[in-house]
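Coordinates from target.cif are shown below (mmCIF, C-alpha atoms).
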data_coords
#
loop_
_atom_site.group_PDB
_atom_site.id
_atom_site.type_symbol
_atom_site.label_atom_id
_atom_site.label_comp_id
_atom_site.auth_asym_id
_atom_site.auth_seq_id
_atom_site.Cartn_x
_atom_site.Cartn_y
_atom_site.Cartn_z
ATOM 1 C CA MET A 2 0.000 0.000 0.000
ATOM 2 C CA ILE A 3 1.266 3.486 -0.882
ATOM 3 C CA ASP A 4 1.397 6.196 1.750
ATOM 4 C CA ASN A 5 0.074 9.345 0.031
ATOM 5 C CA THR A 6 1.852 11.672 2.457
ATOM 6 C CA LEU A 7 5.188 10.211 1.396
ATOM 7 C CA VAL A 8 4.427 10.760 -2.269
ATOM 8 C CA GLU A 9 3.239 14.317 -1.590
ATOM 9 C CA GLN A 10 6.583 15.092 0.075
ATOM 10 C CA ALA A 11 8.441 14.216 -3.117
ATOM 11 C CA LEU A 12 6.103 15.358 -5.907
ATOM 12 C CA HIS A 13 8.744 17.844 -7.048
ATOM 13 C CA LEU A 14 11.344 15.143 -7.811
ATOM 14 C CA PRO A 15 10.079 13.888 -11.217
ATOM 15 C CA ARG A 16 9.895 17.409 -12.666
ATOM 16 C CA ARG A 17 13.324 18.308 -11.323
ATOM 17 C CA GLU A 18 14.913 15.138 -12.713
ATOM 18 C CA ALA A 19 13.117 15.461 -16.069
ATOM 19 C CA ARG A 20 14.519 18.986 -16.486
ATOM 20 C CA ARG A 21 17.989 17.456 -16.603
ATOM 21 C CA TRP A 22 16.961 15.894 -19.933
ATOM 22 C CA ARG A 23 15.405 19.016 -21.508
ATOM 23 C CA HIS A 24 18.095 19.004 -24.230
ATOM 24 C CA THR A 25 16.755 15.714 -25.635
ATOM 25 C CA PRO A 26 13.949 15.527 -28.198
ATOM 26 C CA LEU A 27 11.815 13.560 -25.713
ATOM 27 C CA GLU A 28 8.618 15.025 -24.295
ATOM 28 C CA GLN A 29 9.176 16.327 -20.778
ATOM 29 C CA GLU A 30 5.718 15.190 -19.677
ATOM 30 C CA GLU A 31 6.507 11.588 -20.642
ATOM 31 C CA LEU A 32 9.648 11.698 -18.527
ATOM 32 C CA VAL A 33 7.729 13.229 -15.620
ATOM 33 C CA ALA A 34 5.073 10.499 -15.889
ATOM 34 C CA ASP A 35 7.734 7.805 -15.694
ATOM 35 C CA GLY A 36 9.186 9.627 -12.698
ATOM 36 C CA TYR A 37 5.809 9.561 -10.950
ATOM 37 C CA LEU A 38 5.579 5.792 -11.485
ATOM 38 C CA ALA A 39 9.028 5.398 -9.960
ATOM 39 C CA LEU A 40 7.940 7.594 -7.052
ATOM 40 C CA ALA A 41 5.035 5.240 -6.345
ATOM 41 C CA LYS A 42 7.403 2.253 -6.532
ATOM 42 C CA ALA A 43 9.763 3.934 -4.065
ATOM 43 C CA ALA A 44 6.857 4.664 -1.695
ATOM 44 C CA ARG A 45 5.942 0.960 -1.683
ATOM 45 C CA ARG A 46 9.509 -0.021 -0.791
ATOM 46 C CA PHE A 47 10.211 2.733 1.720
ATOM 47 C CA ASP A 48 10.761 1.761 5.338
ATOM 48 C CA PRO A 49 11.002 4.607 7.895
ATOM 49 C CA SER A 50 13.446 2.540 9.934
ATOM 50 C CA TYR A 51 16.087 3.306 7.272
ATOM 51 C CA GLY A 52 16.510 6.690 8.931
ATOM 52 C CA VAL A 53 16.493 8.488 5.559
ATOM 53 C CA PRO A 54 13.931 11.108 4.486
ATOM 54 C CA PHE A 55 11.644 9.829 1.765
ATOM 55 C CA PRO A 56 12.699 12.371 -0.925
ATOM 56 C CA ALA A 57 16.324 11.286 -0.518
ATOM 57 C CA PHE A 58 15.271 7.629 -0.710
ATOM 58 C CA ALA A 59 13.110 8.203 -3.805
ATOM 59 C CA THR A 60 15.587 10.287 -5.832
ATOM 60 C CA PRO A 61 17.579 7.302 -7.206
ATOM 61 C CA TYR A 62 14.338 5.558 -8.194
ATOM 62 C CA VAL A 63 13.071 8.609 -10.088
ATOM 63 C CA ARG A 64 16.448 9.373 -11.654
ATOM 64 C CA GLY A 65 16.884 5.756 -12.756
ATOM 65 C CA ALA A 66 13.399 5.504 -14.272
ATOM 66 C CA ILE A 67 13.897 8.670 -16.298
ATOM 67 C CA ALA A 68 17.369 7.602 -17.430
ATOM 68 C CA ASP A 69 15.962 4.211 -18.496
ATOM 69 C CA THR A 70 13.277 5.948 -20.538
ATOM 70 C CA VAL A 71 15.829 8.145 -22.255
ATOM 71 C CA ARG A 72 18.079 5.150 -22.919
ATOM 72 C CA THR A 73 15.342 3.032 -24.461
ATOM 73 C CA ARG A 74 13.736 5.778 -26.544
ATOM 74 C CA ALA A 75 16.695 7.745 -27.870
ATOM 75 C CA ARG A 76 18.853 6.077 -30.482
ATOM 76 C CA ARG A 77 21.443 7.346 -32.914
ATOM 77 C CA ASN A 78 21.469 6.172 -36.504
ATOM 78 C CA ASN A 79 24.515 6.487 -38.707
ATOM 79 C CA LEU A 80 23.797 8.209 -42.022
ATOM 80 C CA GLY A 81 27.279 7.481 -43.349
ATOM 81 C CA ASP A 82 30.381 9.659 -43.583
ATOM 82 C CA GLY A 83 30.376 10.188 -39.809
ATOM 83 C CA VAL A 84 27.004 11.955 -39.833
ATOM 84 C CA PHE A 85 24.401 10.893 -37.267
ATOM 85 C CA VAL A 86 20.707 11.612 -36.757
ATOM 86 C CA ASP A 87 18.832 11.312 -33.466
ATOM 87 C CA VAL A 88 15.819 9.033 -33.864
ATOM 88 C CA VAL A 89 13.271 8.889 -31.068
ATOM 89 C CA GLY A 90 10.388 7.270 -32.941
ATOM 90 C CA PHE A 91 8.952 6.704 -36.393
ATOM 91 C CA PRO A 92 7.448 10.217 -36.650
ATOM 92 C CA ASP A 93 10.957 11.677 -36.419
ATOM 93 C CA LEU A 94 12.001 9.852 -39.567
ATOM 94 C CA GLY A 95 9.370 11.541 -41.700
ATOM 95 C CA ARG A 96 9.602 15.093 -40.383
ATOM 96 C CA ALA A 97 10.041 17.733 -43.041
ATOM 97 C CA THR A 98 13.059 19.352 -41.452
ATOM 98 C CA THR A 99 16.275 20.180 -43.162
ATOM 99 C CA THR A 100 19.144 17.772 -42.957
ATOM 100 C CA ALA A 101 21.182 20.401 -41.122
ATOM 101 C CA GLU A 102 18.614 20.457 -38.288
ATOM 102 C CA ARG A 103 18.596 16.673 -37.853
ATOM 103 C CA ALA A 104 22.189 15.728 -38.594
ATOM 104 C CA PHE A 105 25.429 16.776 -37.008
ATOM 105 C CA GLU A 106 28.993 15.628 -37.002
ATOM 106 C CA PRO A 107 30.050 14.489 -33.545
ATOM 107 C CA ALA A 108 33.540 15.180 -32.326
ATOM 108 C CA ASP A 109 35.875 12.289 -32.969
ATOM 109 C CA PRO A 110 36.734 10.797 -29.554
ATOM 110 C CA GLY A 111 40.023 9.332 -30.752
ATOM 111 C CA PRO A 112 43.319 11.153 -31.006
ATOM 112 C CA SER A 113 44.023 13.168 -34.113
ATOM 113 C CA PRO A 114 46.799 12.006 -36.469
ATOM 114 C CA HIS A 115 48.965 14.851 -35.151
ATOM 115 C CA ASP A 116 48.447 13.671 -31.530
ATOM 116 C CA THR A 117 49.290 10.094 -32.536
ATOM 117 C CA VAL A 118 52.571 11.144 -34.185
ATOM 118 C CA GLU A 119 53.399 13.301 -31.157
ATOM 119 C CA SER A 120 52.766 10.346 -28.815
ATOM 120 C CA LEU A 121 54.974 8.070 -30.907
ATOM 121 C CA ASP A 122 57.752 10.657 -30.858
ATOM 122 C CA ARG A 123 57.501 10.890 -27.056
ATOM 123 C CA LEU A 124 57.702 7.108 -26.768
ATOM 124 C CA ARG A 125 60.785 7.022 -28.992
ATOM 125 C CA VAL A 126 62.464 9.700 -26.870
ATOM 126 C CA LEU A 127 61.501 7.897 -23.674
ATOM 127 C CA GLY A 128 62.922 4.673 -25.082
ATOM 128 C CA SER A 129 66.238 6.357 -25.798
ATOM 129 C CA ILE A 130 67.065 7.326 -22.187
ATOM 130 C CA PRO A 131 68.902 4.927 -19.841
ATOM 131 C CA GLU A 132 66.793 2.112 -18.394
ATOM 132 C CA ARG A 133 67.003 3.115 -14.716
ATOM 133 C CA GLU A 134 66.022 6.705 -15.515
ATOM 134 C CA ARG A 135 63.128 5.467 -17.670
ATOM 135 C CA ILE A 136 61.866 3.112 -14.935
ATOM 136 C CA ALA A 137 62.131 5.789 -12.227
ATOM 137 C CA LEU A 138 60.429 8.384 -14.433
ATOM 138 C CA ILE A 139 57.542 6.151 -15.496
ATOM 139 C CA ARG A 140 56.942 4.645 -12.061
ATOM 140 C CA THR A 141 56.936 7.979 -10.211
ATOM 141 C CA VAL A 142 55.395 10.348 -12.751
ATOM 142 C CA VAL A 143 53.023 8.088 -14.688
ATOM 143 C CA ASP A 144 52.164 5.317 -12.212
ATOM 144 C CA GLY A 145 52.300 7.547 -9.132
ATOM 145 C CA ASP A 146 54.509 5.208 -7.088
ATOM 146 C CA THR A 147 56.461 6.668 -4.190
ATOM 147 C CA ALA A 148 60.202 7.126 -4.406
ATOM 148 C CA ALA A 149 60.623 4.637 -1.547
ATOM 149 C CA ASP A 150 58.785 1.903 -3.489
ATOM 150 C CA VAL A 151 60.793 2.545 -6.644
ATOM 151 C CA ALA A 152 64.008 2.669 -4.622
ATOM 152 C CA LYS A 153 63.261 -0.694 -3.058
ATOM 153 C CA ASP A 154 62.676 -2.284 -6.491
ATOM 154 C CA LEU A 155 65.765 -0.709 -8.064
ATOM 155 C CA GLY A 156 67.989 -1.359 -5.052
ATOM 156 C CA VAL A 157 68.916 2.303 -4.570
ATOM 157 C CA SER A 158 68.080 5.033 -2.055
ATOM 158 C CA PRO A 159 65.011 7.288 -2.440
ATOM 159 C CA ASP A 160 67.348 10.254 -2.979
ATOM 160 C CA ARG A 161 68.891 8.421 -5.923
ATOM 161 C CA VAL A 162 65.373 7.893 -7.376
ATOM 162 C CA TYR A 163 64.797 11.658 -7.259
ATOM 163 C CA THR A 164 68.096 12.166 -9.083
ATOM 164 C CA LEU A 165 67.168 9.565 -11.715
ATOM 165 C CA VAL A 166 63.774 11.239 -12.277
ATOM 166 C CA HIS A 167 65.365 14.686 -12.524
ATOM 167 C CA ASN A 168 68.063 13.537 -14.950
ATOM 168 C CA GLY A 169 65.593 11.485 -17.010
ATOM 169 C CA SER A 170 63.104 14.294 -17.390
ATOM 170 C CA ALA A 171 65.881 16.723 -18.352
ATOM 171 C CA ARG A 172 67.135 14.224 -20.938
ATOM 172 C CA VAL A 173 63.609 13.766 -22.345
ATOM 173 C CA ARG A 174 63.101 17.541 -22.626
ATOM 174 C CA ARG A 175 66.438 17.991 -24.429
ATOM 175 C CA ARG A 176 65.815 15.157 -26.891
ATOM 176 C CA ALA A 177 62.217 16.167 -27.568
ATOM 177 C CA ALA A 178 63.197 19.759 -28.413
#
Could you show the structure in this file as structure tokens?
Amino acid sequence: MIDNTLVEQALHLPRREARRWRHTPLEQEELVADGYLALAKAARRFDPSYGVPFPAFATPYVRGAIADTVRTRARRNNLGDGVFVDVVGFPDLGRATTTAERAFEPADPGPSPHDTVESLDRLRVLGSIPERERIALIRTVVDGDTAADVAKDLGVSPDRVYTLVHNGSARVRRRAA
């Protein structure tokens, strides 16, 4: 059984969570309706002994229901040549809008060819420095290991690790220039 006073305390949640998705082509009222259903589900599962106010308990339910709706309704279709169109339902396919309104070119998430060449050059330079300097530099700067840990593995003192890192980074800067 649903306690109406609990639901009344959190009636603002579905609208607030649906506003987070206002940039999507989905109807806000549909998202709010799904949020209200999730609110009722949360009210059925709520137990006051949890020691949490009901709105805080219900927020993940509402947020999850709205996110599920967005996930299941919004899809991206590839039109070729890296151009995509957002398709929510069959009516969207037949709309008489211009291609420029419906299609866009998303940013390529991968590195650019220039970045790839730059990374390869850095790796070549890093490979050209002495092994102990390379190990100390990678383990401290990249992996975030402490100088004491690196020193123990290399069989040197932590002060020597700092020297190796300093000399290695100076060598890398000179060779990369």
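Pairwise distance (CA of Ile130 in chain A, CA of Ala149 in chain A) equals 21.8 Å.
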Next item on the list: Select, from A:Leu165, A:Val173, A:Asp160, A:Asn5, the residue with the minimum atom-to-atom distance to Leu124 in chain A, counting all atoms listed in the file.
Entry: A:Val173
Next item on the list: Take the point (20.0, 8.1, -13.3) as written in the file and pick out every residue within 12 Å of it, counting all atoms listed in the file; give the list as JSON, numbers by chain.
Entry: {"A": [15, 18, 19, 21, 22, 36, 39, 59, 60, 61, 62, 63, 64, 65, 66, 67, 68, 69, 70, 71, 72]}
Keeping C-alpha atoms, export the residues of the selection given above as a PDB file, keeping the file's coordinate frame.
ATOM      1  CA  PRO A  15      10.079  13.888 -11.217  1.00  0.00           C
ATOM      2  CA  GLU A  18      14.913  15.138 -12.713  1.00  0.00           C
ATOM      3  CA  ALA A  19      13.117  15.461 -16.069  1.00  0.00           C
ATOM      4  CA  ARG A  21      17.989  17.456 -16.603  1.00  0.00           C
ATOM      5  CA  TRP A  22      16.961  15.894 -19.933  1.00  0.00           C
ATOM      6  CA  GLY A  36       9.186   9.627 -12.698  1.00  0.00           C
ATOM      7  CA  ALA A  39       9.028   5.398  -9.960  1.00  0.00           C
ATOM      8  CA  ALA A  59      13.110   8.203  -3.805  1.00  0.00           C
ATOM      9  CA  THR A  60      15.587  10.287  -5.832  1.00  0.00           C
ATOM     10  CA  PRO A  61      17.579   7.302  -7.206  1.00  0.00           C
ATOM     11  CA  TYR A  62      14.338   5.558  -8.194  1.00  0.00           C
ATOM     12  CA  VAL A  63      13.071   8.609 -10.088  1.00  0.00           C
ATOM     13  CA  ARG A  64      16.448   9.373 -11.654  1.00  0.00           C
ATOM     14  CA  GLY A  65      16.884   5.756 -12.756  1.00  0.00           C
ATOM     15  CA  ALA A  66      13.399   5.504 -14.272  1.00  0.00           C
ATOM     16  CA  ILE A  67      13.897   8.670 -16.298  1.00  0.00           C
ATOM     17  CA  ALA A  68      17.369   7.602 -17.430  1.00  0.00           C
ATOM     18  CA  ASP A  69      15.962   4.211 -18.496  1.00  0.00           C
ATOM     19  CA  THR A  70      13.277   5.948 -20.538  1.00  0.00           C
ATOM     20  CA  VAL A  71      15.829   8.145 -22.255  1.00  0.00           C
ATOM     21  CA  ARG A  72      18.079   5.150 -22.919  1.00  0.00           C
TER      22      ARG A  72
END
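Going from CA of Val162 in chain A to CA of Arg125 in chain A covers 22.1 Å.
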May I have the centre and edge lengths, in Å to one decimal, of an axis-aligned box around the listed atoms of range 57-69 of chain A with 8 Å added to every side, as AutoDock Vina command-line options?
--center_x 15.3 --center_y 7.7 --center_z -9.5 --size_x 20.5 --size_y 23.1 --size_z 34.0
Check: Looking at only C-alpha atoms, which of A:Pro56, A:Pro26, A:Gly169, A:Pro159 is the one that sits closest to Leu40 in chain A?
Finding: A:Pro56
Margin query: I'd like to know which of A:Glu134, A:Asp4, A:Asp122, A:Asp154 is closest to Ala44 in chain A, using only C-alpha atoms.
Written below: A:Asp4
Check: What is the CA of Glu9 in chain A to CA of Lys42 in chain A distance in Å?
Finding: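 Interatomic distance here is 13.7 Å.
Among the candidates A:Val143, A:Ala171, A:Leu12, A:Ala137, the one nearest to Ser158 in chain A when counting all atoms listed in the file is A:Ala137.
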Next item on the list: Kindly indicate which residue among A:Arg23, A:Arg16, A:Arg133, A:His167 lies nearest to Ala152 in chain A, using only C-alpha atoms for the distances.
Entry: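 Residue with the minimum atom-to-atom distance to Ala152 in chain A: A:Arg133.
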